[in-house]
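J.: Can you keep this structure in mind? I'll have questions shortly.
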Amino acid sequence: MLPFLGIIQALGLLTSFALLGTRSKGAGPQWLAFQGLLCGLVPIIMHADGLTTQVVLLAIGNIVLKGIVFPWVLLRLRARAPYHREVVPFIGIVGSTLFGIPVLALSVWLALRMTPALKHAPFVMLVLSIFLIFVGLFLIVTRRKALMQVIGYLVLENGIFVFSAIAISGTLLLVELGVLLDAFVAVFVMGIAILHINSEFGFMDVDQLTALRG
Amino acid sequence: MFLDQSIAAMLILPALGAALCLILSRPRHVLTAIVGISALQLVLAANLWTAVLGGHGFVTAAASWLYVDAFSAFHIIVLALVFVLSSVFAGVYFTNASSDQTFTLTIARRYGALWLGSLAAMTLVLVSNSLGIMWVGMEATTLLTAFLISLYPNRLSLEAMWKYLLICSIGIAFAFMGTLLAAASLQVGSAGETAFFWTNLASAETHVDPTLMKFAFIFVLVGYGTKAGLAPIHSWLPDAHSQAPTPVSAMFSGFLLNTALYCIMRFVPPARHALGEHFASGLLIFFGTLSILVAAGFIVFQRDAKRLLAYHSVEHLGIIALGYGLGPLGAFAALFHTFNHSVCKALAFFAVGRLGQEFGSHEMHAISGALRADRLWGTALLVSFLALIGVAPFSIFMSEYQLLRAAVSAGAWLPLALFLLASGVVFVAALRHVIAMAFGIPTATVRVARNGSAAFLIVGVAMGLLLLLGLWMPLSLSKAIGSAAAIVAGQP
């Protein structure tokens, strides 16, 4: 089980760094799709010795939504956007990638602190989940495009999903279903919001939403 | 007994009502439907409340997935009351809408469906025993209410909606992390669905890991605290409250914030078992006092009446959080204050909303002579603002007085001093604002409509409740609040 998880961790870190460093059209949703797929595999590997239909169905649901549906929605939104070049984010591409390195160290340190309490959680996955949460938050805060902020939100969501798969033993069908449904609706709500903003303002740069203050 | 069906009915009724609103053929029918369904919800809530208080202290249904005790029953009744008042007000407000905000059939259907949908979601939060399902309900309220803010899409409302959606989604994600950590902190019998059950987590026999519970509580406090509008993570709140249509602002301030605070309070008993008396209450006192201070600072400089009320919400939610941190006496004051604040804030928003329509702006300098221009809503404005800043004999004065007593008996001198200081600042600043709005000569452009019986009814009920509870607290209500306080703060 551990070698598989090691590979997933390596690829998961790779997708996060790719998302931090991307500025090209459409690459964001594609890296996100790959990351969603990887995260969806984690519960199957965790329960490999006693696989139940519940676990399999939930994993498939996650992979379909996060690996296919969400990136597809984002790509569609991307196609309707009027701009054709990426504007430089608040923190540049090099700065963002460099941000990843100390944060990875911080994630390892936090994971070391948590391991004594979470005995059956694999260390590599703990690091990955904490790292994804940080990267998601960073993307939301530093990106100008509403679309990249939604991607950041979904990276954060992936991190929490990995954490729930490793930290809680046993499956929580009803809760997991509810969470999945909420994520599903959230992406559509955010998508519709972006379309509204787009048609009203003619752009999707969130940094121009500054009329309300104080 | 048919009580377990009645809990289920409280979830199904608004959900069905939301679907019904989508097929109604007149805007007026939608407005009638939401009043009818929230009134039925209030009847069911009152029935449940009496059953909980008269019986064993709790009611469960659906194999313990649904669980209502005195604490949740109290919140359910406040929720239903605020919804009835706001639904009646929605009829008054939308039929008087200005020409650029016509209440068309499309908007009416969307409004009705989202309105009743968020009622269902908030009820789900309050009746869930599973902390996971409670989280699902909370996230659903965020998603459903987002489009209520931008019911009339324009630049400002879309900006407010996007900020609300994003900031609260992050907050809610943190809260979920906290919920997971709390479930992971169960050392014994952690397998299976019951790991998330509040009854399981809060029971004295359960052993939880203190480190994980500490992380869990911090995540939950920051996460749900974002939604509750606790400073310094309240930044979405004034934007959303000022841009949403007024009935929606009233519901946000009157109850949505309380729902989030309710979620935090559900984690306090397990945190107390694992970490001792002072950890959770210390954090609540800190965030409560900070919110009161920050809000007081902003209230002084406000120009928009709805933003002013939004900062008042930050202040009062801070007062409630502070009360919860001060032990059993404080929890009693906090719960009483929850009720008072919800009714009073709803009334204040109603008044500002209608006067804003009549004066054509929510800017405070545009509103003057409200008492002369419109006697009913002018009086409502004056009374609700006076009550809000703690003038006797209204009930907020009583709950704040009880809070002071709780702070003295807990020996919390510093929070007490800061609370008094901030209340003094708010008192002077808000009084200055309201005197300018209520008295004086009305501007020439006022467009006053005759007020119907519905308007008189809601103003009368809300003012009556504030005055009555300020003068006299019925013994049964005091007992009900006492047993609710005992659940989150332990026996006095």
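As shown in the structure tokens, the chain order sets the letters A, B, ...; within each chain, residues go from 1, and ligands are also counted from 1 in the order they appear.
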Output as CSV one row per residue of chain B within 8 Å of chain A: the closest atom pair and its distance in Å to one decimal place, counting only C-alpha atoms, sorted by chain and residue number ascending.
T.:
```
residue,atom,partner,partner_atom,distance
B:Gly132,CA,A:Val175,CA,5.5
B:Ile133,CA,A:Val175,CA,5.9
B:Val136,CA,A:Gly178,CA,5.8
B:Glu139,CA,A:Asp182,CA,6.8
B:Ala140,CA,A:Asp182,CA,6.6
B:Leu143,CA,A:Ala186,CA,6.4
B:Pro153,CA,A:His196,CA,7.5
B:Asn154,CA,A:Glu200,CA,6.8
B:Arg155,CA,A:Glu200,CA,6.6
B:Leu156,CA,A:Ala211,CA,6.9
B:Leu158,CA,A:Ile197,CA,6.3
B:Glu159,CA,A:Leu209,CA,5.7
B:Ala160,CA,A:Leu212,CA,7.5
B:Trp162,CA,A:Ala193,CA,7.0
B:Leu165,CA,A:Met190,CA,7.6
B:Ser169,CA,A:Tyr153,CA,7.9
B:Ile170,CA,A:Tyr153,CA,7.3
B:Ala173,CA,A:Glu157,CA,7.1
B:Phe176,CA,A:Ile160,CA,7.9
B:Met177,CA,A:Ile160,CA,6.4
B:Leu180,CA,A:Ser164,CA,6.4
B:Leu181,CA,A:Ala167,CA,7.9
B:Ala183,CA,A:Ile168,CA,7.0
B:Ala184,CA,A:Ile168,CA,5.5
B:Ser185,CA,A:Ala117,CA,7.8
B:Ser190,CA,A:Ser169,CA,6.9
B:Ala191,CA,A:Gly170,CA,4.9
B:Gly192,CA,A:Gly170,CA,5.2
B:Glu193,CA,A:Leu172,CA,5.2
B:Asp209,CA,A:Ala117,CA,7.1
B:Thr211,CA,A:Ala117,CA,7.2
B:Leu212,CA,A:Ala117,CA,6.8
B:Asp239,CA,A:Leu212,CA,6.3
B:Phe298,CA,A:Gly214,CA,7.4
B:Gln302,CA,A:Gly214,CA,7.9
```
J.: Find, counting only C-alpha atoms, the residue in B:Trp135, B:Phe397, B:Phe301, B:Tyr152 that gets nearest to Thr179 in chain B.
T.: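 Comparing B:Trp135, B:Phe397, B:Phe301, B:Tyr152 against Thr179 in chain B, the winner is B:Trp135.
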J.: Going by DSSP on the backbone, which bits of chain A are alpha helix (DSSP H)? Write them as a VMD selection string, please.
T.: chain A and resid 2 to 21 27 to 46 53 to 62 70 to 80 93 to 114 123 to 142 146 to 167 173 to 201
J.: Between CA of Thr97 in chain A and CA of Gly40 in chain A, measure the distance and give it in Å to one decimal.
T.: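 It comes out at 24.9 Å.
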J.: For Leu420 in chain B, list every protein, DNA or RNA residue within 12 Å, evaluated using only C-alpha atoms, and leave out those in the same chain fewer than 4 positions away; present the list as a list of chain:residue names.
T.: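 The neighbour list is B:Thr289, B:Ile292, B:Leu293, B:Ala296, B:Ile319, B:Ile389, B:Gly390, B:Glu400, B:Tyr401, B:Leu403, B:Leu404, B:Ala407, B:Trp413, B:Leu414, B:Pro415, B:Leu416, B:Gly424, B:Val425, B:Val426, B:Phe427.
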J.: Export N, CA, C and O atoms of the chosen residues as a compact mmCIF listing (two decimals), in the first residue's frame?
T.:
```
# COMPACT_ATOMS: atom_id res chain seq x y z
N THR B 289 -15.05 39.72 22.58
CA THR B 289 -14.64 41.08 22.94
C THR B 289 -14.04 41.79 21.74
O THR B 289 -14.33 42.97 21.48
N ILE B 292 -16.77 43.04 19.46
CA ILE B 292 -17.46 44.21 20.00
C ILE B 292 -16.63 45.47 19.75
O ILE B 292 -17.13 46.49 19.29
N LEU B 293 -15.31 45.36 20.00
CA LEU B 293 -14.44 46.53 19.84
C LEU B 293 -14.34 46.96 18.38
O LEU B 293 -14.47 48.14 18.05
N ALA B 296 -17.53 48.55 17.17
CA ALA B 296 -17.72 49.90 17.72
C ALA B 296 -16.92 50.91 16.91
O ALA B 296 -17.41 52.00 16.59
N ILE B 319 -21.22 40.08 21.49
CA ILE B 319 -21.78 40.06 22.85
C ILE B 319 -22.27 38.65 23.19
O ILE B 319 -22.02 38.14 24.29
N ILE B 389 -29.19 49.75 21.05
CA ILE B 389 -28.05 50.27 21.79
C ILE B 389 -28.23 50.11 23.29
O ILE B 389 -27.44 50.60 24.08
N GLY B 390 -29.30 49.41 23.68
CA GLY B 390 -29.41 49.01 25.08
C GLY B 390 -30.13 50.00 25.97
O GLY B 390 -29.82 50.12 27.15
N GLU B 400 -28.31 42.48 28.35
CA GLU B 400 -26.96 43.01 28.55
C GLU B 400 -26.66 43.21 30.04
O GLU B 400 -25.53 43.00 30.48
N TYR B 401 -27.70 43.55 30.79
CA TYR B 401 -27.52 43.68 32.24
C TYR B 401 -27.16 42.33 32.85
O TYR B 401 -26.24 42.23 33.69
N LEU B 403 -25.70 39.96 31.36
CA LEU B 403 -24.34 39.65 30.93
C LEU B 403 -23.32 40.34 31.84
O LEU B 403 -22.30 39.74 32.22
N LEU B 404 -23.61 41.58 32.21
CA LEU B 404 -22.71 42.28 33.13
C LEU B 404 -22.59 41.52 34.44
O LEU B 404 -21.50 41.33 34.98
N ALA B 407 -20.45 38.57 34.02
CA ALA B 407 -19.04 38.92 33.93
C ALA B 407 -18.48 39.22 35.32
O ALA B 407 -17.37 38.82 35.66
N TRP B 413 -12.85 40.88 34.54
CA TRP B 413 -12.88 42.34 34.63
C TRP B 413 -12.47 43.02 33.34
O TRP B 413 -13.08 44.01 32.94
N LEU B 414 -11.43 42.50 32.69
CA LEU B 414 -10.96 43.16 31.47
C LEU B 414 -12.02 43.12 30.36
O LEU B 414 -12.38 44.17 29.81
N PRO B 415 -12.58 41.93 30.04
CA PRO B 415 -13.66 41.93 29.02
C PRO B 415 -14.83 42.83 29.42
O PRO B 415 -15.39 43.52 28.58
N LEU B 416 -15.12 42.86 30.72
CA LEU B 416 -16.22 43.70 31.20
C LEU B 416 -15.94 45.17 30.91
O LEU B 416 -16.80 45.88 30.36
N GLY B 424 -20.43 52.15 25.28
CA GLY B 424 -20.55 53.60 25.40
C GLY B 424 -20.34 54.28 24.06
O GLY B 424 -21.12 55.15 23.65
N VAL B 425 -19.29 53.85 23.34
CA VAL B 425 -19.00 54.44 22.03
C VAL B 425 -20.17 54.20 21.08
O VAL B 425 -20.65 55.11 20.40
N VAL B 426 -20.65 52.96 21.05
CA VAL B 426 -21.76 52.61 20.15
C VAL B 426 -23.00 53.43 20.51
O VAL B 426 -23.70 53.95 19.63
N PHE B 427 -23.25 53.56 21.80
CA PHE B 427 -24.43 54.30 22.25
C PHE B 427 -24.43 55.71 21.69
O PHE B 427 -25.39 56.16 21.06
```
J.: Using backbone DSSP assignments, extract all strand (DSSP E or B) residues from range 119-240 of chain B; output them as a list of chain:residue names.
T.: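 In range 119-240 of chain B, DSSP puts these residues in strand (DSSP E or B): B:Ser128, B:Ser130, B:Leu186, B:Phe197, B:Val208.
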J.: Please produce a file of the residues just selected, as a short mmCIF file (atom, residue, chain, number, x, y, z; two decimals), in the first residue's frame, where the atoms kept are all heavy atoms.
T.:
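Output file selection07.cif follows:
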```cif
data_model
loop_
_atom_site.label_atom_id
_atom_site.label_comp_id
_atom_site.auth_asym_id
_atom_site.auth_seq_id
_atom_site.Cartn_x
_atom_site.Cartn_y
_atom_site.Cartn_z
N SER B 128 -29.77 18.34 13.25
CA SER B 128 -28.86 17.22 13.00
C SER B 128 -28.11 16.83 14.26
O SER B 128 -27.61 17.68 14.97
CB SER B 128 -27.83 17.59 11.94
OG SER B 128 -28.45 17.67 10.71
N SER B 130 -25.65 14.48 13.76
CA SER B 130 -24.35 14.26 13.16
C SER B 130 -23.71 15.60 12.83
O SER B 130 -24.28 16.42 12.11
CB SER B 130 -24.50 13.42 11.90
OG SER B 130 -23.38 13.58 11.09
N LEU B 186 -11.71 10.90 18.47
CA LEU B 186 -12.33 9.81 19.24
C LEU B 186 -11.38 8.63 19.24
O LEU B 186 -11.08 8.08 18.20
CB LEU B 186 -13.64 9.40 18.58
CG LEU B 186 -14.86 10.23 18.86
CD1 LEU B 186 -16.01 9.70 18.05
CD2 LEU B 186 -15.20 10.15 20.33
N PHE B 197 -21.51 11.70 15.66
CA PHE B 197 -22.71 12.06 16.44
C PHE B 197 -22.33 12.96 17.61
O PHE B 197 -21.44 12.64 18.39
CB PHE B 197 -23.41 10.80 16.96
CG PHE B 197 -24.36 10.21 15.96
CD1 PHE B 197 -24.34 10.63 14.64
CD2 PHE B 197 -25.29 9.26 16.34
CE1 PHE B 197 -25.21 10.10 13.71
CE2 PHE B 197 -26.17 8.72 15.42
CZ PHE B 197 -26.12 9.14 14.10
N VAL B 208 -11.59 11.36 24.28
CA VAL B 208 -11.10 11.99 23.07
C VAL B 208 -9.66 12.44 23.28
O VAL B 208 -9.24 12.69 24.41
CB VAL B 208 -11.96 13.22 22.65
CG1 VAL B 208 -13.34 12.79 22.28
CG2 VAL B 208 -11.98 14.24 23.75
#
```
J.: Applying 12 Å and only C-alpha atoms, which residues near range 50-62 of chain B remain after dropping the ones on its own chain fewer than 3 positions away? List them as an MDAnalysis selection string.
T.: chainID B and resid 1:9 43:47 65:74 76:77 127:130 199 476:484 486:487
J.: Give me the residues near Ser395 in chain B as JSON, numbers by chain, where near means some atom within 6 Å (using only C-alpha atoms) and where sequence neighbours in that chain fewer than 4 positions away do not count.
T.: {"B": [466, 469, 470]}
J.: Taking only C-alpha atoms into account, name the residue in A:Leu75, A:Leu11, A:Met46, A:Val69 that is nearest to Met148 in chain A.
T.: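 Closest candidate: A:Leu75.
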